[in-house]
2 protein chains.
Amino acid sequence: MLLDPVLPRFGANYVPSAGWFYSWLDYDAAAVRRDLADLAALGLDHVRVFPIWPWIQPNRGIIRERAISDLLDTIDAAAEVGLSVAVDLIQGHLSSFDFLPSWVLTWHRASLFEDPIVRDGLTAYAEAVARAVATRPNVFAITLGNEVNNLWPDSTTTPESSTSWAQDLLVTVKKAAPDVLALHSVFDDAWYKPNHPFLPVDVVDLGELSTVHSWVFNGVSRVDGPLGPATLTHADYLVELAVATSTDPDRPVWLQEIGVPGPDIPVDLQAEFTRRTVEAVVHNPALFGITWWSSHDIDRRLLDFPDREYDLGLFTVDHQRKPAADALAEVIAEIRSTGVQAQPATTLVSPVDLRTEPHRRAEIAPGSPFHLSWVAARAHSAVRIVFPA
Amino acid sequence: MLLDPVLPRFGANYVPSAGWFYSWLDYDAAAVRRDLADLAALGLDHVRVFPIWPWIQPNRGIIRERAISDLLDTIDAAAEVGLSVAVDLIQGHLSSFDFLPSWVLTWHRASLFEDPIVRDGLTAYAEAVARAVATRPNVFAITLGNEVNNLWPDSTTTPESSTSWAQDLLVTVKKAAPDVLALHSVFDDAWYKPNHPFLPVDVVDLGELSTVHSWVFNGVSRVDGPLGPATLTHADYLVELAVATSTDPDRPVWLQEIGVPGPDIPVDLQAEFTRRTVEAVVHNPALFGITWWSSHDIDRRLLDFPDREYDLGLFTVDHQRKPAADALAEVIAEIRSTGVQAQPATTLVSPVDLRTEPHRRAEIAPGSPFHLSWVAARAHSAVRIVFPA
């Protein structure tokens with residue numbers, strides 16, 4: 001299962017082709033195996049999987065055994081085709097939808113981040129799921145939840161609460177699954193939005209490596225998308241920000257989500273975007289892995305998703321490879337053949353210390369003078385970032 | 001299946017003994033059959049059953065076939081022991097918990113009562129479930145949802161929206177299930193709270209009969225509970241209010257919920273409360289039926305329920321009959337043997353016309369001078385209510 005450690009991992013965020021994540025409610029082991037075979041055939045080595053919290057813990061006192069066994073079956077199905085697995089726990093947020101149990105809603109309304117009883121419930125959930133999935137040797141990581149900062153503002157929080165919430169849950173996960181990476185995950189408002197109550201230091205101090213999610217619609221596609229240098233290097237920029245912000249120079253960074261959202265990346269440019277954005281980040285020595293969002297499209301009979309979410313799959317809902325899939329498979333094969341290369345690098349000093357000045361995050365956001373100068377320098381070499389002394 | 005039409009129906013609100021309504025997620029046909037056998041053995045003739053909306057329609061575009069077939073199996077299981085069935089659609093609200101799908105929450109937040117897209121989704125849900133359950137000959141009623149007015153204030157509404165919402169859904173249900181009673185259901189704030197955006201006229205104008213829910217903790221137990229006359233006659237008072245408010249003198253009233261909540265009704269008085277409250281309402285000529293809340297207790301390993309909810313069952317979670325069950329079985333047997341009797345009645349004029357002056361509802365609420373004079377008169381005879389000319 002283990003690849004050459006100098007090579008980054010390549011994987012996909014697993015979105016079931018039939019019935020999206022609603023399929024957990026009618027688990028179909030054969031359908032899951034067919035989906036995972038699609039991914040293994042691309043040469044991927046891992047998948048990230050997403051159980052739905054309120055369907056596993058519909059009451060604070062219940063952990064549904066059958067839901068856990070369905071999750072374990074998905075993990076086993078991945079093993080059958082040579083895929084390792086990362087499990088995200090608290091979904092929580094997926095593709096604009098928040099899944100929340102009745103015991104935190106309306107008459108029981110309470111913040112996931114701040115209410116001690118809800119935190120007790122989440123701790124019990126994280127403990128149970130982490131312990132169960134850790135019985136499977138192909139599970140390499142457990143992330144607290146997908147982009148948990150999307151659960152704010154519906155759940156109130158402060159930077160202090162967000163940090164302690166993640167810290168406490170990471171301790172729970174590590175205790176329940178000592179041989180598995182315990183990780184945190186937030187979307188990039190944590191890097192760019194001045195008053196966002198999840199901080200850059202959370203990304204780089206919490207959990208055993210840093211995770212970043214690069215979505216071009218969050219800024220760079222307005223700078224020069226779809227194939228401009230800012231757009232193609234946004235993933236690498238986030239990796240460099242994470243490296244710069246960490247106090248550990250060797251802490252890896254997992255590009256846990258990247259994809260080809262329309263209309264920002266038009267269909268006929270998706271293959272080229274895929275190849276070039278992977279090439280722009282894959283040689284970064286901090287890179288732990290690249291995990292594509294997503295494995296499969298969403299059936300358009302499922303309603304109310306933002307339009308771009310339907311077509312993010314490497315495969316259609318009927319298992320046809322899309323252009324990004326071919327491009328990804330090719331670039332993975334090439335990198336496995338040639339290896340990653342140490343690249344010349346220059347250094348740029350950020351105007352902001354993201355560890356101590358999160359209120360100045362906008363000064364390094366996409367389109368900021370600093371970002372644009374980083375992009376200009378990136379045309380010639382890798383560009384490390386350092387904070388002002 | 002049909003009883004002598006002059007006798008009211010007697011039934012129970014079916015709360016599964018193992019796993020409460022969470023049991024829909026792990027449907028156990030044998031467990032349901034054991035629960036329903038408990039109820040049939042009491043001499044009941046019907047159950048009211050509660051599917052959970054977001055587990056049947058997790059996406060606006062999905063109606064889960066297996067969830068529908070589980071619901072049909074429960075209906076068939078009831079038929080096997082001679083029970084007819086009323087189905088409530090939009091749960092929605094149960095015992096302090098609101099079950100809401102992700103497509104009406106947080107980033108998709110919208111009012112169930114006012115948002116046209118959500119109303120479209122609810123219409124599709126009501127149509128599908130009503131059509132499915134109408135295939136079963138022992139289904140006699142479909143109610144839009146359990147106490148849907150508890151979904152406000154989380155979902156905004158106005159009296160106009162509440163009324164049109166129910167009207168439209170009732171048309172949908174009747175079309176999908178023409179041979180089944182189509183009903184509305186609200187808890188008693190609709191009768192007593194001046195600014196409540198669900199009106200008394202909704203209870204008596206919408207659907208094919210009126211439904212009332214009599215809970216002593218909503219006022220009367222503070223007047224003279226647990227065995228005082230106001231407490232024991234509260235169900236009959238609600239039936240009389242519904243009769244008075246309807247423009248149809250023959251419109252039946254279904255006492256769809258009544259029970260023995262602690263601490264208002266202490267355990268050692270539950271049998272007496274049960275017998276006497278049934279005796280006080282059963283001879284009311286408007287009465288369609290009495291449906292006990294609930295069939296089975298809630299396992300205390302399930303967390304976060306209001307304390308009184310755990311012990312409302314006629315049976316414990318391990319199928320032991322409780323005192324209210326024995327009392328109910330006895331009084332049902334007696335009434336079936338002796339029949340209901342026309343009783344002498346006096347008439348009291350309400351200070352308020354509930355059809356036209358809902359803002360004055362507090363003047364007829366428990367403890368109001370009108371209510372107390374009704375209770376005093378009720379000691380001597382039945383007491384009809386008329387509105388001021």
# chains A, B, ... in the order shown; residues from 1 in each chain; ligands from 1
>>> interface_residues(of="chain B", to="chain A", cutoff="10 Å", atoms="only C-alpha atoms", output="number ranges by chain")
B: 19-23, 25-26, 55-62, 64-67, 92-93, 96-109, 117, 121, 150-155, 300-305
>>> write_last_selection(atoms="N, CA and C atoms", output="short mmCIF file (atom, residue, chain, number, x, y, z; two decimals), in the first residue's frame")
data_model
loop_
_atom_site.label_atom_id
_atom_site.label_comp_id
_atom_site.auth_asym_id
_atom_site.auth_seq_id
_atom_site.Cartn_x
_atom_site.Cartn_y
_atom_site.Cartn_z
N GLY B 19 -35.74 2.19 20.60
CA GLY B 19 -35.14 3.21 19.73
C GLY B 19 -36.08 4.31 19.28
N TRP B 20 -37.26 4.42 19.96
CA TRP B 20 -38.16 5.54 19.63
C TRP B 20 -38.29 5.66 18.11
N PHE B 21 -38.48 6.85 17.55
CA PHE B 21 -38.64 6.98 16.09
C PHE B 21 -37.33 6.84 15.34
N TYR B 22 -36.21 6.86 16.07
CA TYR B 22 -34.93 6.57 15.42
C TYR B 22 -34.94 5.17 14.83
N SER B 23 -35.86 4.33 15.32
CA SER B 23 -35.91 2.95 14.83
C SER B 23 -36.27 2.87 13.35
N LEU B 25 -34.67 4.19 11.13
CA LEU B 25 -33.38 4.08 10.42
C LEU B 25 -32.86 2.64 10.42
N ASP B 26 -33.40 1.81 11.29
CA ASP B 26 -32.98 0.40 11.37
C ASP B 26 -34.24 -0.42 11.54
N TRP B 55 -35.91 11.68 6.69
CA TRP B 55 -35.34 10.37 6.37
C TRP B 55 -36.05 9.73 5.17
N ILE B 56 -37.22 10.26 4.83
CA ILE B 56 -37.91 9.79 3.62
C ILE B 56 -37.54 10.67 2.43
N GLN B 57 -37.37 11.96 2.70
CA GLN B 57 -37.06 12.93 1.63
C GLN B 57 -35.78 13.69 1.99
N PRO B 58 -34.63 13.03 2.02
CA PRO B 58 -33.40 13.70 2.44
C PRO B 58 -32.96 14.79 1.47
N ASN B 59 -33.33 14.64 0.22
CA ASN B 59 -33.15 15.69 -0.78
C ASN B 59 -34.54 15.99 -1.33
N ARG B 60 -34.75 17.23 -1.76
CA ARG B 60 -36.08 17.58 -2.27
C ARG B 60 -36.49 16.69 -3.44
N GLY B 61 -35.51 16.15 -4.15
CA GLY B 61 -35.80 15.32 -5.32
C GLY B 61 -35.86 13.83 -5.05
N ILE B 62 -35.71 13.42 -3.80
CA ILE B 62 -35.70 11.99 -3.47
C ILE B 62 -36.87 11.64 -2.56
N ARG B 64 -37.46 8.13 -0.63
CA ARG B 64 -36.78 6.83 -0.47
C ARG B 64 -37.79 5.68 -0.48
N GLU B 65 -37.65 4.83 -1.47
CA GLU B 65 -38.59 3.71 -1.62
C GLU B 65 -38.58 2.79 -0.41
N ARG B 66 -37.39 2.54 0.12
CA ARG B 66 -37.32 1.59 1.23
C ARG B 66 -38.01 2.16 2.47
N ALA B 67 -37.88 3.47 2.67
CA ALA B 67 -38.55 4.10 3.81
C ALA B 67 -40.07 3.99 3.67
N GLY B 92 -40.76 16.59 11.05
CA GLY B 92 -41.49 17.58 11.77
C GLY B 92 -41.26 17.42 13.26
N HIS B 93 -42.27 17.76 14.03
CA HIS B 93 -42.13 17.89 15.48
C HIS B 93 -42.59 16.65 16.21
N SER B 96 -40.47 17.38 21.44
CA SER B 96 -39.49 18.47 21.58
C SER B 96 -38.47 18.52 20.46
N PHE B 97 -38.35 17.46 19.68
CA PHE B 97 -37.37 17.44 18.58
C PHE B 97 -38.05 17.78 17.25
N ASP B 98 -37.41 18.65 16.47
CA ASP B 98 -37.87 18.90 15.11
C ASP B 98 -36.92 18.19 14.14
N PHE B 99 -37.48 17.39 13.26
CA PHE B 99 -36.69 16.71 12.24
C PHE B 99 -36.83 17.49 10.93
N LEU B 100 -35.71 18.05 10.50
CA LEU B 100 -35.70 18.91 9.32
C LEU B 100 -34.58 18.49 8.39
N PRO B 101 -34.85 18.43 7.09
CA PRO B 101 -33.80 18.04 6.15
C PRO B 101 -32.82 19.19 5.91
N SER B 102 -31.61 18.81 5.46
CA SER B 102 -30.57 19.82 5.22
C SER B 102 -31.01 20.85 4.18
N TRP B 103 -31.97 20.48 3.34
CA TRP B 103 -32.37 21.42 2.28
C TRP B 103 -33.31 22.52 2.76
N VAL B 104 -33.60 22.58 4.07
CA VAL B 104 -34.29 23.76 4.62
C VAL B 104 -33.47 24.43 5.72
N LEU B 105 -32.24 23.96 5.95
CA LEU B 105 -31.42 24.46 7.07
C LEU B 105 -30.25 25.33 6.61
N THR B 106 -29.76 26.10 7.52
CA THR B 106 -28.51 26.89 7.41
C THR B 106 -28.39 27.57 6.04
N TRP B 107 -27.49 27.07 5.19
CA TRP B 107 -27.23 27.75 3.90
C TRP B 107 -28.44 27.67 2.98
N HIS B 108 -29.37 26.77 3.29
CA HIS B 108 -30.60 26.64 2.50
C HIS B 108 -31.81 27.05 3.35
N ARG B 109 -31.56 27.83 4.38
CA ARG B 109 -32.62 28.12 5.34
C ARG B 109 -33.82 28.79 4.68
N ILE B 117 -40.44 27.11 -2.77
CA ILE B 117 -39.68 25.91 -3.16
C ILE B 117 -39.84 24.82 -2.10
N GLY B 121 -41.57 21.11 -2.33
CA GLY B 121 -40.97 19.87 -1.84
C GLY B 121 -41.92 19.13 -0.91
N ASN B 150 -45.69 23.66 16.09
CA ASN B 150 -44.41 23.69 16.79
C ASN B 150 -43.24 24.00 15.86
N LEU B 151 -43.45 23.91 14.56
CA LEU B 151 -42.37 24.23 13.61
C LEU B 151 -42.17 25.74 13.48
N TRP B 152 -43.13 26.51 13.96
CA TRP B 152 -42.97 27.93 14.19
C TRP B 152 -42.51 28.10 15.63
N PRO B 153 -41.64 29.05 15.98
CA PRO B 153 -41.15 30.17 15.18
C PRO B 153 -39.91 29.88 14.35
N ASP B 154 -39.35 28.67 14.45
CA ASP B 154 -38.15 28.42 13.65
C ASP B 154 -38.44 28.68 12.18
N SER B 155 -39.58 28.21 11.71
CA SER B 155 -40.07 28.59 10.38
C SER B 155 -41.05 29.74 10.57
N ARG B 300 -34.42 5.36 28.62
CA ARG B 300 -33.67 6.49 29.18
C ARG B 300 -32.23 6.57 28.69
N ARG B 301 -31.78 5.57 27.95
CA ARG B 301 -30.47 5.72 27.30
C ARG B 301 -30.54 6.72 26.14
N LEU B 302 -31.75 7.02 25.67
CA LEU B 302 -31.91 8.08 24.68
C LEU B 302 -31.94 9.40 25.43
N LEU B 303 -31.14 10.35 24.97
CA LEU B 303 -30.88 11.57 25.76
C LEU B 303 -31.66 12.77 25.24
N ASP B 304 -31.74 13.79 26.10
CA ASP B 304 -32.17 15.14 25.75
C ASP B 304 -33.67 15.34 25.59
N PHE B 305 -34.47 14.31 25.87
CA PHE B 305 -35.92 14.53 25.88
C PHE B 305 -36.29 15.29 27.15
#
>>> select_by_dssp(residues="region 247-278 of chain B", states="alpha helix (DSSP H)", output="compact mmCIF listing (two decimals) with C-alpha atoms, in the first residue's frame")
# COMPACT_ATOMS: atom_id res chain seq x y z
CA GLN B 270 -52.35 7.94 36.53
CA ALA B 271 -54.90 5.13 36.50
CA GLU B 272 -57.56 7.31 38.11
CA PHE B 273 -56.76 10.27 35.85
CA THR B 274 -57.02 8.01 32.82
CA ARG B 275 -60.37 6.51 33.76
CA ARG B 276 -61.95 9.81 34.81
CA THR B 277 -60.66 11.91 31.92
CA VAL B 278 -61.94 9.32 29.43
>>> atom_distance(atom1="CA of Leu94 (chain B)", atom2="CA of Ser111 (chain A)")
21.3 Å
>>> residues_around(residues="Arg336 (chain A)", least_positions_apart="4", cutoff="12 Å", atoms="only C-alpha atoms", output="list in words")
Leu3, Asp4, Pro5, Val6, Leu7, Pro8, Arg9, Phe10, Gly43, Leu44, Asp45, Val282, His283, Ala329, Glu330, Val331, Ile332, Val340 and Gln341 of chain A
>>> closest_residue(among="A:Pro285, A:Pro263, A:Gly207, A:Pro229", to="Asp250 (chain A)", atoms="only C-alpha atoms")
A:Pro285
